[in-house]
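Q: This is the content of work11.txt (compact mmCIF, C-alpha atoms):
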# COMPACT_ATOMS: atom_id res chain seq x y z
CA MET X 1 109.60 116.34 65.50
CA THR X 2 106.41 114.29 65.10
CA HIS X 3 106.33 110.74 63.73
CA LYS X 4 103.01 110.03 62.04
CA GLN X 5 103.66 106.49 60.92
CA SER X 6 104.93 103.45 62.71
CA ALA X 7 107.56 101.01 61.48
CA ALA X 8 105.08 98.18 62.00
CA PRO X 9 103.99 96.41 58.79
CA GLN X 10 100.64 97.50 57.42
CA GLY X 11 97.83 95.97 59.49
CA ALA X 12 100.20 94.98 62.30
CA HIS X 13 99.27 96.37 65.69
CA LEU X 14 98.99 95.43 69.35
CA LYS X 15 95.83 93.34 69.64
CA LYS X 16 93.17 94.04 72.31
CA THR X 17 92.60 90.67 73.96
CA LEU X 18 92.87 91.29 77.71
CA THR X 19 90.06 91.86 80.21
CA LEU X 20 90.16 92.87 83.89
CA LEU X 21 90.92 89.50 85.51
CA PRO X 22 93.87 88.53 83.25
CA VAL X 23 95.41 92.00 83.69
CA VAL X 24 95.15 91.75 87.49
CA MET X 25 96.69 88.28 87.33
CA ILE X 26 99.62 89.60 85.29
CA GLY X 27 100.11 92.34 87.88
CA LEU X 28 100.01 89.90 90.80
CA ALA X 29 102.38 87.53 89.02
CA TYR X 30 104.75 90.44 88.45
CA MET X 31 104.55 91.33 92.17
CA GLN X 32 105.04 87.67 93.15
CA PRO X 33 103.20 87.54 96.54
CA MET X 34 105.48 84.84 97.96
CA THR X 35 108.35 87.34 98.15
CA LEU X 36 106.99 88.33 101.57
CA PHE X 37 108.64 85.18 103.00
CA ASP X 38 112.05 86.44 101.83
CA THR X 39 111.72 89.85 103.53
CA PHE X 40 109.83 88.75 106.65
CA GLY X 41 112.92 88.12 108.78
CA ILE X 42 114.57 91.42 107.86
CA VAL X 43 111.52 93.58 108.55
CA SER X 44 110.49 91.64 111.67
CA GLY X 45 113.87 92.41 113.21
CA LEU X 46 113.72 96.03 112.10
CA THR X 47 110.20 96.66 113.44
CA ASP X 48 110.46 94.55 116.61
CA GLY X 49 107.82 92.12 115.36
CA HIS X 50 105.33 94.46 113.66
CA VAL X 51 105.60 93.44 110.00
CA ALA X 52 101.83 93.64 109.44
CA THR X 53 101.77 97.35 110.35
CA ALA X 54 104.78 98.05 108.15
CA TYR X 55 102.91 96.42 105.25
CA ALA X 56 99.83 98.52 106.04
CA PHE X 57 101.94 101.71 105.85
CA ALA X 58 103.48 100.52 102.58
CA LEU X 59 100.06 99.73 101.10
CA ILE X 60 98.77 103.22 101.90
CA ALA X 61 101.80 104.77 100.18
CA ILE X 62 101.41 102.58 97.09
CA LEU X 63 97.66 103.20 96.78
CA PHE X 64 98.26 106.96 96.47
CA THR X 65 100.46 106.29 93.44
CA ALA X 66 98.01 103.68 92.10
CA VAL X 67 95.27 106.33 92.07
CA SER X 68 97.58 108.66 90.11
CA TYR X 69 98.27 105.92 87.57
CA GLY X 70 94.53 105.43 87.17
CA LYS X 71 93.88 109.09 86.41
CA LEU X 72 96.62 109.21 83.79
CA VAL X 73 95.63 105.94 82.10
CA ARG X 74 92.18 107.41 81.45
CA ARG X 75 93.73 110.56 80.00
CA PHE X 76 96.49 108.85 77.99
CA PRO X 77 95.46 105.24 77.15
CA SER X 78 98.82 104.37 75.58
CA ALA X 79 101.26 101.54 76.24
CA GLY X 80 104.06 103.85 77.37
CA SER X 81 103.14 104.05 81.07
CA ALA X 82 105.11 106.64 83.11
CA TYR X 83 107.13 107.58 80.02
CA THR X 84 104.03 108.68 78.10
CA TYR X 85 102.44 110.40 81.10
CA ALA X 86 105.47 112.57 81.86
CA GLN X 87 106.02 113.25 78.17
CA LYS X 88 102.48 114.53 77.61
CA SER X 89 101.90 116.15 81.02
CA ILE X 90 105.23 117.79 81.81
CA SER X 91 107.54 117.87 78.78
CA PRO X 92 108.99 115.54 76.13
CA HIS X 93 112.46 115.94 77.65
CA VAL X 94 111.26 114.92 81.11
CA GLY X 95 109.22 112.11 79.54
CA PHE X 96 112.28 110.71 77.81
CA MET X 97 114.33 110.74 81.03
CA VAL X 98 111.49 109.05 82.95
CA GLY X 99 111.23 106.42 80.22
CA TRP X 100 115.00 105.97 80.12
CA SER X 101 115.18 105.58 83.92
CA SER X 102 112.20 103.19 83.97
CA LEU X 103 113.86 101.18 81.23
CA LEU X 104 116.69 100.36 83.62
CA ASP X 105 114.19 98.91 86.11
CA TYR X 106 112.02 97.06 83.60
CA LEU X 107 114.89 95.71 81.50
CA ILE X 108 116.70 94.22 84.49
CA MET X 109 113.62 92.68 86.15
CA PRO X 110 113.27 89.65 83.82
CA MET X 111 116.98 88.93 84.28
CA ILE X 112 116.65 89.14 88.08
CA ASN X 113 113.83 86.62 88.04
CA ILE X 114 115.85 84.24 85.90
CA LEU X 115 118.81 84.79 88.24
CA LEU X 116 116.65 83.81 91.24
CA ALA X 117 115.47 80.71 89.42
CA LYS X 118 119.09 79.83 88.67
CA ILE X 119 119.93 80.12 92.38
CA TYR X 120 117.03 77.82 93.29
CA PHE X 121 118.02 75.28 90.64
CA GLU X 122 121.65 75.31 91.81
CA ALA X 123 120.42 74.38 95.29
CA LEU X 124 118.17 71.63 93.89
CA VAL X 125 120.48 70.13 91.27
CA PRO X 126 124.05 71.31 91.98
CA ALA X 127 125.59 68.77 89.58
CA VAL X 128 123.98 70.31 86.48
CA PRO X 129 125.67 73.45 85.02
CA SER X 130 123.48 76.45 85.87
CA TRP X 131 123.78 78.02 82.39
CA ILE X 132 121.59 75.20 81.05
CA PHE X 133 118.74 76.28 83.34
CA VAL X 134 119.19 79.92 82.36
CA VAL X 135 119.05 79.21 78.62
CA ALA X 136 116.02 76.92 78.99
CA LEU X 137 114.05 79.37 81.16
CA VAL X 138 114.89 82.40 79.03
CA GLY X 139 113.90 80.44 75.93
CA PHE X 140 110.52 79.53 77.42
CA MET X 141 109.92 83.10 78.67
CA THR X 142 110.83 84.64 75.30
CA LEU X 143 108.79 82.22 73.18
CA SER X 144 105.73 82.74 75.41
CA ASN X 145 106.01 86.52 74.97
CA LEU X 146 106.52 86.18 71.22
CA LYS X 147 103.27 84.22 70.86
CA GLY X 148 101.21 86.97 72.46
CA ILE X 149 100.14 88.61 75.69
CA LYS X 150 97.23 86.18 76.08
CA THR X 151 99.69 83.30 76.45
CA VAL X 152 101.53 85.19 79.18
CA ALA X 153 98.25 86.06 80.91
CA ASN X 154 97.03 82.45 80.92
CA PHE X 155 100.30 81.12 82.33
CA ASN X 156 100.46 83.85 84.97
CA SER X 157 96.84 83.25 86.02
CA VAL X 158 97.61 79.61 86.77
CA ILE X 159 100.76 80.49 88.72
CA VAL X 160 99.03 83.18 90.80
CA VAL X 161 96.24 80.76 91.74
CA LEU X 162 98.84 78.16 92.72
CA GLN X 163 100.79 80.74 94.76
CA VAL X 164 97.67 81.66 96.70
CA ALA X 165 96.86 77.96 97.21
CA VAL X 166 100.36 77.27 98.57
CA MET X 167 100.15 80.29 100.87
CA ILE X 168 96.74 79.18 102.15
CA ALA X 169 98.11 75.68 102.85
CA LEU X 170 101.04 77.19 104.69
CA MET X 171 98.75 79.48 106.70
CA VAL X 172 96.64 76.47 107.73
CA MET X 173 99.82 74.89 109.12
CA VAL X 174 100.74 78.16 110.84
CA VAL X 175 97.27 78.45 112.41
CA TYR X 176 97.45 74.82 113.57
CA GLY X 177 100.88 75.42 115.10
CA VAL X 178 99.87 78.64 116.91
CA ALA X 179 96.66 77.00 118.19
CA HIS X 180 98.81 74.23 119.68
CA GLY X 181 101.22 76.52 121.50
CA GLU X 182 103.70 77.73 118.89
CA GLY X 183 104.81 81.37 119.08
CA ALA X 184 102.21 83.67 120.61
CA GLY X 185 99.96 80.70 121.44
CA THR X 186 96.83 82.62 120.39
CA LEU X 187 95.25 83.40 117.02
CA VAL X 188 93.73 86.71 118.10
CA SER X 189 96.24 89.36 119.09
CA SER X 190 97.00 93.01 118.36
CA ARG X 191 100.73 92.29 118.81
CA PRO X 192 101.59 91.97 115.09
CA PHE X 193 100.11 95.46 114.57
CA TRP X 194 100.92 97.31 117.77
CA SER X 195 102.36 96.78 121.25
CA GLU X 196 103.76 98.75 124.17
CA ASP X 197 107.30 98.66 122.76
CA ALA X 198 106.24 99.61 119.20
CA HIS X 199 107.83 102.65 117.54
CA VAL X 200 106.49 104.38 114.45
CA VAL X 201 109.84 105.32 112.85
CA PRO X 202 111.15 101.72 112.56
CA MET X 203 107.78 100.71 111.09
CA ILE X 204 108.03 103.41 108.43
CA THR X 205 111.60 102.33 107.71
CA GLY X 206 110.32 98.77 107.35
CA ALA X 207 107.58 100.04 105.05
CA THR X 208 110.19 101.59 102.74
CA ILE X 209 111.73 98.14 102.31
CA LEU X 210 108.36 96.46 101.83
CA CYS X 211 107.23 99.01 99.21
CA PHE X 212 109.53 97.23 96.80
CA SER X 213 107.40 94.09 97.29
CA PHE X 214 104.74 95.97 95.33
CA LEU X 215 106.93 96.55 92.26
CA GLY X 216 104.96 95.41 89.24
CA PHE X 217 101.54 96.83 90.06
CA ASP X 218 102.46 99.77 87.83
CA GLY X 219 103.83 97.62 85.02
CA ILE X 220 100.37 96.63 83.81
CA SER X 221 99.78 100.22 82.64
CA SER X 222 102.01 99.29 79.68
CA LEU X 223 99.30 96.81 78.55
CA SER X 224 96.77 99.56 77.75
CA GLU X 225 96.85 99.03 73.98
CA GLU X 226 96.18 95.30 74.42
CA THR X 227 93.30 95.66 76.89
CA LYS X 228 89.63 95.97 76.01
CA ASP X 229 88.05 99.18 77.31
CA ALA X 230 91.47 100.17 78.65
CA GLU X 231 90.34 103.53 80.01
CA ARG X 232 88.13 101.72 82.54
CA THR X 233 89.90 98.38 82.89
CA ILE X 234 93.53 99.42 83.45
CA PRO X 235 92.87 101.95 86.27
CA ARG X 236 90.74 99.39 88.08
CA ALA X 237 93.35 96.67 87.50
CA ILE X 238 96.19 98.83 88.84
CA PHE X 239 94.30 99.69 92.01
CA LEU X 240 93.02 96.13 92.54
CA THR X 241 96.48 94.63 91.97
CA ALA X 242 98.00 96.88 94.62
CA LEU X 243 95.05 96.35 96.98
CA PHE X 244 94.86 92.55 96.62
CA GLY X 245 98.63 92.25 96.92
CA GLY X 246 98.62 94.43 100.03
CA VAL X 247 95.81 92.48 101.68
CA ILE X 248 97.64 89.20 101.02
CA PHE X 249 100.85 90.64 102.49
CA ILE X 250 99.11 91.97 105.63
CA VAL X 251 97.05 88.83 106.37
CA VAL X 252 99.92 86.38 105.83
CA SER X 253 102.43 88.50 107.79
CA TYR X 254 99.91 88.74 110.68
CA PHE X 255 99.77 84.95 111.09
CA LEU X 256 103.51 84.54 110.48
CA GLN X 257 104.19 87.11 113.20
CA LEU X 258 102.06 85.08 115.62
CA TYR X 259 104.14 81.99 114.78
CA PHE X 260 107.45 83.90 114.91
CA PRO X 261 106.96 86.76 117.44
CA ASP X 262 110.64 87.67 117.04
CA ILE X 263 113.61 86.59 114.93
CA THR X 264 115.43 84.48 117.53
CA ARG X 265 114.59 81.21 115.71
CA PHE X 266 116.11 82.38 112.42
CA LYS X 267 119.77 81.56 111.83
CA ASP X 268 119.77 83.98 108.90
CA PRO X 269 116.94 86.56 109.11
CA ASP X 270 118.07 88.09 105.79
CA ALA X 271 117.05 84.90 103.98
CA SER X 272 114.07 83.73 106.02
CA GLN X 273 111.99 81.84 103.43
CA PRO X 274 113.75 78.43 103.69
CA GLU X 275 113.66 78.50 107.50
CA ILE X 276 109.98 79.52 107.61
CA MET X 277 109.11 76.57 105.38
CA LEU X 278 111.30 74.23 107.42
CA TYR X 279 109.90 75.19 110.85
CA VAL X 280 106.26 75.39 109.74
CA ALA X 281 105.96 72.42 107.38
CA GLY X 282 109.11 70.30 107.49
CA ARG X 283 111.90 69.50 105.06
CA THR X 284 109.74 67.84 102.39
CA PHE X 285 107.49 70.87 102.03
CA GLN X 286 110.55 73.10 102.03
CA PHE X 287 111.98 71.17 99.05
CA GLY X 288 108.68 71.38 97.18
CA ILE X 289 108.42 75.14 97.77
CA LEU X 290 111.92 75.61 96.35
CA ILE X 291 110.79 73.93 93.13
CA PHE X 292 107.59 75.97 93.02
CA SER X 293 109.56 79.18 93.66
CA CYS X 294 111.37 78.56 90.38
CA VAL X 295 108.02 78.65 88.59
CA THR X 296 106.79 81.77 90.41
CA VAL X 297 109.88 83.80 89.54
CA LEU X 298 109.52 82.63 85.94
CA ALA X 299 105.94 83.95 85.89
CA SER X 300 107.12 87.27 87.33
CA GLY X 301 109.87 87.41 84.71
CA MET X 302 107.36 86.80 81.92
CA ALA X 303 105.17 89.67 83.13
CA ALA X 304 108.17 92.00 83.37
CA HIS X 305 109.31 90.84 79.92
CA ALA X 306 105.94 91.79 78.44
CA GLY X 307 105.98 95.22 80.10
CA VAL X 308 109.45 96.34 79.07
CA SER X 309 109.03 95.19 75.46
CA ARG X 310 105.92 97.42 75.22
CA LEU X 311 107.76 100.39 76.76
CA MET X 312 110.56 100.04 74.19
CA TYR X 313 107.94 99.72 71.44
CA VAL X 314 106.37 103.06 72.38
CA MET X 315 109.77 104.75 72.58
CA GLY X 316 110.61 103.27 69.17
CA ARG X 317 107.25 104.35 67.73
CA ASP X 318 107.97 107.87 69.00
CA GLY X 319 111.31 107.83 67.21
CA VAL X 320 113.53 108.37 70.26
CA PHE X 321 114.84 104.84 69.66
CA PRO X 322 115.53 103.49 66.13
CA GLU X 323 111.99 103.03 64.82
CA ARG X 324 112.54 100.17 62.37
CA PHE X 325 113.73 97.93 65.18
CA PHE X 326 111.95 99.07 68.36
CA GLY X 327 108.70 100.16 66.67
CA TYR X 328 108.21 96.86 64.82
CA ILE X 329 105.08 94.76 65.43
CA SER X 330 104.79 91.21 64.12
CA PRO X 331 101.79 90.92 61.74
CA LYS X 332 101.43 87.27 62.79
CA TRP X 333 101.62 87.47 66.59
CA HIS X 334 100.79 91.17 67.14
CA THR X 335 103.74 91.50 69.51
CA PRO X 336 106.86 93.75 69.44
CA THR X 337 108.98 90.83 68.26
CA PHE X 338 112.42 92.41 68.12
CA ASN X 339 112.00 93.96 71.57
CA VAL X 340 110.91 90.62 73.05
CA ILE X 341 114.01 88.94 71.62
CA LEU X 342 116.26 91.77 72.87
CA VAL X 343 114.91 91.48 76.42
CA GLY X 344 115.48 87.73 76.23
CA LEU X 345 119.12 88.31 75.26
CA VAL X 346 119.57 90.69 78.20
CA ALA X 347 118.01 88.07 80.52
CA LEU X 348 120.72 85.63 79.44
CA SER X 349 123.19 87.78 81.39
CA ALA X 350 121.84 85.97 84.47
CA ILE X 351 124.48 83.35 83.61
CA TRP X 352 127.20 85.58 85.11
CA PHE X 353 125.40 88.47 86.90
CA ASP X 354 125.21 88.60 90.71
CA LEU X 355 121.97 89.31 92.58
CA VAL X 356 123.25 92.22 94.71
CA THR X 357 124.29 94.32 91.71
CA ALA X 358 121.18 93.39 89.73
CA THR X 359 118.73 94.40 92.47
CA ALA X 360 120.61 97.67 93.04
CA LEU X 361 119.84 98.59 89.43
CA ILE X 362 116.04 98.34 89.63
CA ASN X 363 115.09 100.56 92.57
CA PHE X 364 116.20 103.86 91.04
CA GLY X 365 114.07 103.44 87.92
CA ALA X 366 111.00 102.40 89.90
CA LEU X 367 111.18 105.44 92.18
CA VAL X 368 111.67 107.79 89.22
CA ALA X 369 108.51 106.38 87.61
CA PHE X 370 106.47 106.59 90.84
CA THR X 371 107.58 110.16 91.54
CA PHE X 372 106.82 111.53 88.09
CA VAL X 373 103.48 109.75 87.77
CA ASN X 374 102.29 111.68 90.82
CA LEU X 375 103.80 114.94 89.56
CA SER X 376 102.23 114.35 86.13
CA VAL X 377 98.75 114.32 87.67
CA ILE X 378 99.37 117.74 89.21
CA SER X 379 100.87 119.12 86.00
CA GLN X 380 98.22 117.74 83.64
CA PHE X 381 94.97 118.22 85.55
CA TRP X 382 95.58 120.85 88.22
CA ILE X 383 97.84 123.15 86.16
CA ARG X 384 97.30 122.52 82.43
CA GLU X 385 93.61 121.68 82.45
CA LYS X 386 92.99 124.13 85.33
CA ARG X 387 90.90 121.65 87.27
CA ASN X 388 91.56 123.64 90.42
CA LYS X 389 88.31 125.47 91.00
CA THR X 390 86.56 123.30 93.58
CA LEU X 391 87.53 121.58 96.81
CA LYS X 392 87.05 118.22 95.08
CA ASP X 393 89.44 119.28 92.30
CA HIS X 394 92.08 120.34 94.82
CA PHE X 395 91.73 117.02 96.67
CA GLN X 396 91.82 114.81 93.57
CA PHE X 397 94.43 116.59 91.48
CA LEU X 398 96.69 118.21 94.06
CA VAL X 399 96.39 116.70 97.55
CA LEU X 400 96.25 113.00 96.60
CA PRO X 401 99.13 113.06 94.06
CA LEU X 402 101.14 115.30 96.41
CA MET X 403 100.69 112.71 99.15
CA GLY X 404 101.82 110.09 96.67
CA ALA X 405 104.94 112.09 95.80
CA LEU X 406 105.74 112.66 99.47
CA THR X 407 105.40 108.98 100.39
CA VAL X 408 107.68 108.07 97.47
CA GLY X 409 110.03 110.76 98.77
CA ALA X 410 110.39 108.74 101.96
CA LEU X 411 111.62 105.86 99.82
CA TRP X 412 114.17 108.12 98.10
CA VAL X 413 115.59 109.02 101.51
CA ASN X 414 116.10 105.32 102.31
CA LEU X 415 117.42 104.28 98.87
CA GLU X 416 120.69 102.39 99.17
CA GLU X 417 123.80 104.23 97.96
CA SER X 418 124.68 101.73 95.23
CA SER X 419 121.22 102.13 93.66
CA MET X 420 121.58 105.90 93.64
CA VAL X 421 125.07 105.81 92.11
CA LEU X 422 124.21 103.29 89.40
CA GLY X 423 120.94 105.11 88.66
CA LEU X 424 122.66 108.46 88.26
CA VAL X 425 125.24 106.91 85.93
CA TRP X 426 122.42 105.48 83.80
CA ALA X 427 120.60 108.84 83.84
CA THR X 428 123.79 110.58 82.66
CA LEU X 429 124.01 108.17 79.72
CA GLY X 430 120.37 109.02 78.95
CA ILE X 431 121.12 112.75 78.85
CA ILE X 432 124.05 112.13 76.49
CA TYR X 433 121.84 109.99 74.21
CA LEU X 434 119.05 112.58 74.26
CA ALA X 435 121.55 115.29 73.31
CA PHE X 436 122.59 113.12 70.34
CA VAL X 437 118.99 112.49 69.21
CA THR X 438 118.05 116.19 69.45
CA ARG X 439 121.37 117.45 68.05
CA SER X 440 122.52 119.07 71.28
CA PHE X 441 118.90 119.92 72.20
CA ARG X 442 118.46 122.16 69.14
CA ASN X 443 115.69 119.91 67.79
CA PRO X 444 112.55 118.84 69.70
CA VAL X 445 112.28 115.36 71.18
CA PRO X 446 110.58 113.04 68.63
CA GLN X 447 106.98 112.10 69.39
CA TYR X 448 104.49 109.79 67.72
CA SER X 449 101.18 111.10 66.46
CA GLU X 450 98.23 109.09 65.17
CA GLU X 451 96.98 112.06 63.20
CA LEU X 452 96.78 111.65 59.44
Show how you would write the structure in this file as structure tokens.

A:
Amino acid sequence: MTHKQSAAPQGAHLKKTLTLLPVVMIGLAYMQPMTLFDTFGIVSGLTDGHVATAYAFALIAILFTAVSYGKLVRRFPSAGSAYTYAQKSISPHVGFMVGWSSLLDYLIMPMINILLAKIYFEALVPAVPSWIFVVALVGFMTLSNLKGIKTVANFNSVIVVLQVAVMIALMVMVVYGVAHGEGAGTLVSSRPFWSEDAHVVPMITGATILCFSFLGFDGISSLSEETKDAERTIPRAIFLTALFGGVIFIVVSYFLQLYFPDITRFKDPDASQPEIMLYVAGRTFQFGILIFSCVTVLASGMAAHAGVSRLMYVMGRDGVFPERFFGYISPKWHTPTFNVILVGLVALSAIWFDLVTATALINFGALVAFTFVNLSVISQFWIREKRNKTLKDHFQFLVLPLMGALTVGALWVNLEESSMVLGLVWATLGIIYLAFVTRSFRNPVPQYSEEL
């Protein structure tokens, strides 16, 4: 079944306004670089004080998948991301399941960011009912996304710059402290990367945890239809987002590891950010960072909000979701209005949702997307287009994506049980829905075509 017309009003379409820098900023805001402070204590304990190396392993794994995203964006410059790639490269049925699984990740991410902001606000102003913060933040996030992707990009650019500025200020304090005898007592050391008691397996295990710090670099592929010269810009933006994020993580974790060679100073290594701020900069700075953290998670939520509303738009345009609702584009704002509002309503569930359950929901969808993006490169280029004649072809379209799939496979092995169970339940619901749409698989999966 092929849908040749969209439910969008005549003349309404996603508007190409983004260039390379704003797209990278959206990706970095989605990743939220300051999350490294939250995971530092956990991974430092796990790796015996070698967080920087664990981040380096994670960056290598992510860059393999980033390269695969880049190849597919050039081939399929659509807003559907992993959903579209698997649909076109492997099969419409596989594409739907990838999109359905990714939807779980993308749909929950804005709510998780609002939930984090709620937690921060409860610590700052415990006397004020937390639902007021949730409603206010969701309202701001939704209205910004309704007005257009440029509004989101501008806000995120400011927040990313401020995040980097705060991290630089903190690193100056760390360097000052180490130079005056804190921690390792020296600014030049191989200890954060390798030492006599280092072991590779714990570092790889730590890398599997840290890979989730990179979530969001892939989300910008859903902005293809709103980016100028998307076939060149989006692949570069995906790679640069992952690379810049990884470099920030490695450099900051190197200096933090010099200041905190082990986790003995942390009362709660599983929630290390407040203690890092307290020890390095004092209670006043710690309070200020808590306020700023509310803004950074809001920026991340806005980026996630933009991405998932575009994914649902493409699935609506294809006809696998009700087209009149999900495939609608506002002729005034050039945004998928109904989807933006729906994601905002889901984000309101942060009023009663708990963080443990929410985070368990996102990992399954992310790993499904990463896995099938790598497999889609092999299927599309190496098998379908038969680009398998030269050594360069084999390297580009088989070896690199296979390495990407294998590194993601290491993450599957370490996926927590609750994520797997909840993900499989969601996948089962997707199969049931797909059977309904295709009348027990007797009809083909609907797809959108721009042909006249």

Q: For Lys150 in chain X, which residue out of X:Trp426, X:Phe40, X:Phe381, X:Trp333 is the nearest one, using only C-alpha atoms?

A: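 Closest to Lys150 in chain X, using only C-alpha atoms: X:Trp333.
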
Q: Taking (104.9, 108.0, 83.3) in the coordinates of the supplied file, I want to know which residues reach to within 7 Å of it, counting all atoms listed in the file; could you give the answer as a compact mmCIF listing (two decimals) with C-alpha atoms, keeping the file's coordinate frame?

A:
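Dumped to part_8.txt:
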# COMPACT_ATOMS: atom_id res chain seq x y z
CA SER X 81 103.14 104.05 81.07
CA ALA X 82 105.11 106.64 83.11
CA TYR X 83 107.13 107.58 80.02
CA THR X 84 104.03 108.68 78.10
CA TYR X 85 102.44 110.40 81.10
CA ALA X 86 105.47 112.57 81.86
CA VAL X 98 111.49 109.05 82.95
CA ALA X 369 108.51 106.38 87.61
CA PHE X 372 106.82 111.53 88.09
CA VAL X 373 103.48 109.75 87.77

Q: Please compute the CA of Ala127 in chain X-CA of Thr357 in chain X distance, one decimal, in Å.

A: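 Atom-to-atom, CA of Ala127 in chain X to CA of Thr357 in chain X, that is 25.7 Å.
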
Q: Quick one, how far is CA of His305 in chain X from CA of Phe321 in chain X?

A: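 These atoms are spaced 18.2 Å apart.
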
Q: Select, from X:Val160, X:Ile291, X:Leu124, X:Ile362, the residue with the minimum atom-to-atom distance to Ser419 in chain X, counting all atoms listed in the file.

A: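 Of X:Val160, X:Ile291, X:Leu124, X:Ile362, the one nearest Ser419 in chain X is X:Ile362, counting all atoms listed in the file.
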
Q: Compare X:Lys147, X:Lys71, X:Arg191, X:Arg439 by their minimum atom-to-atom distance to Pro336 in chain X, counting all atoms listed in the file, and give me the closest one.

A: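 Of X:Lys147, X:Lys71, X:Arg191, X:Arg439, the one nearest Pro336 in chain X, counting all atoms listed in the file, is X:Lys147.
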
Q: Range 72-76 of chain X: which residues within 10 Å, counting only C-alpha atoms, same-chain residues fewer than 3 positions away excluded, as a list in words?

A: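 Returned residues: Val67, Ser68, Tyr69, Ala79, Gly80, Ser81, Ala82, Thr84, Tyr85, Ala86, Lys88, Ser89, Ser221, Ser222, Ser224, Ala230, Glu231, Arg232, Thr233, Ile234, Pro235, Ile238, Val373, Asn374, Ser376, Val377, Gln380 and Phe381 of chain X.
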
Q: For each of X:Phe57, X:Ser349, X:Cys294, X:Val308, take the minimum atom-to-atom distance to Lys118 in chain X, counting only C-alpha atoms, then give the residue where this is smallest.

A: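 Residue with the minimum atom-to-atom distance to Lys118 in chain X: X:Cys294.
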
Q: Interatomic distance between CA of Pro92 in chain X and CA of Asn339 in chain X?

A: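 Computing it gives 22.3 Å between the two atoms.
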
Q: At a cut-off of 8 Å, using all atoms listed in the file, what residues contact Gly45 in chain X? Leave out same-chain residues fewer than 5 positions from it and give the result as a VMD selection string.

A: chain X and resid 262 to 263 269

Q: Compare X:Leu361, X:Leu402, X:Ile132, X:Leu375 by their minimum atom-to-atom distance to Met420 in chain X, counting all atoms listed in the file, and give me the closest one.

A: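 That would be X:Leu361, the residue with the smallest distance to Met420 in chain X.
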
Q: At a cut-off of 12 Å around the point (116.2, 94.9, 75.5) (file coordinates), what residues fall inside when counting all atoms listed in the file? I'd like the answer as a ChimeraX atom specification.

A: /X:103-111,142,304-313,316,321,325-326,336-349

Q: Hey, which of X:Gly409, X:Gly49, X:Gly41, X:Gly430 ends up closest to His199 in chain X? Count only C-alpha atoms.

A: X:Gly49

Q: Step by step, gather every atom of range 370-381 of chain X that the file lists, find the box along x, y and z that holds them, add 6 Å on each side, and finally give centre and edge lengths in Å to one decimal, as AutoDock Vina command-line options.

A:
--center_x 101.3 --center_y 112.9 --center_z 87.6 --size_x 24.6 --size_y 24.5 --size_z 19.9

Q: Env of Val399 in chain X: 12 Å cut, atoms = all atoms listed in the file, seq-sep filter 3 positions within chain, self excluded. Answer as a PyMOL selection string.

A: chain X and resi 64-65+67-68+374-375+377-378+382+388+391-396+402-406
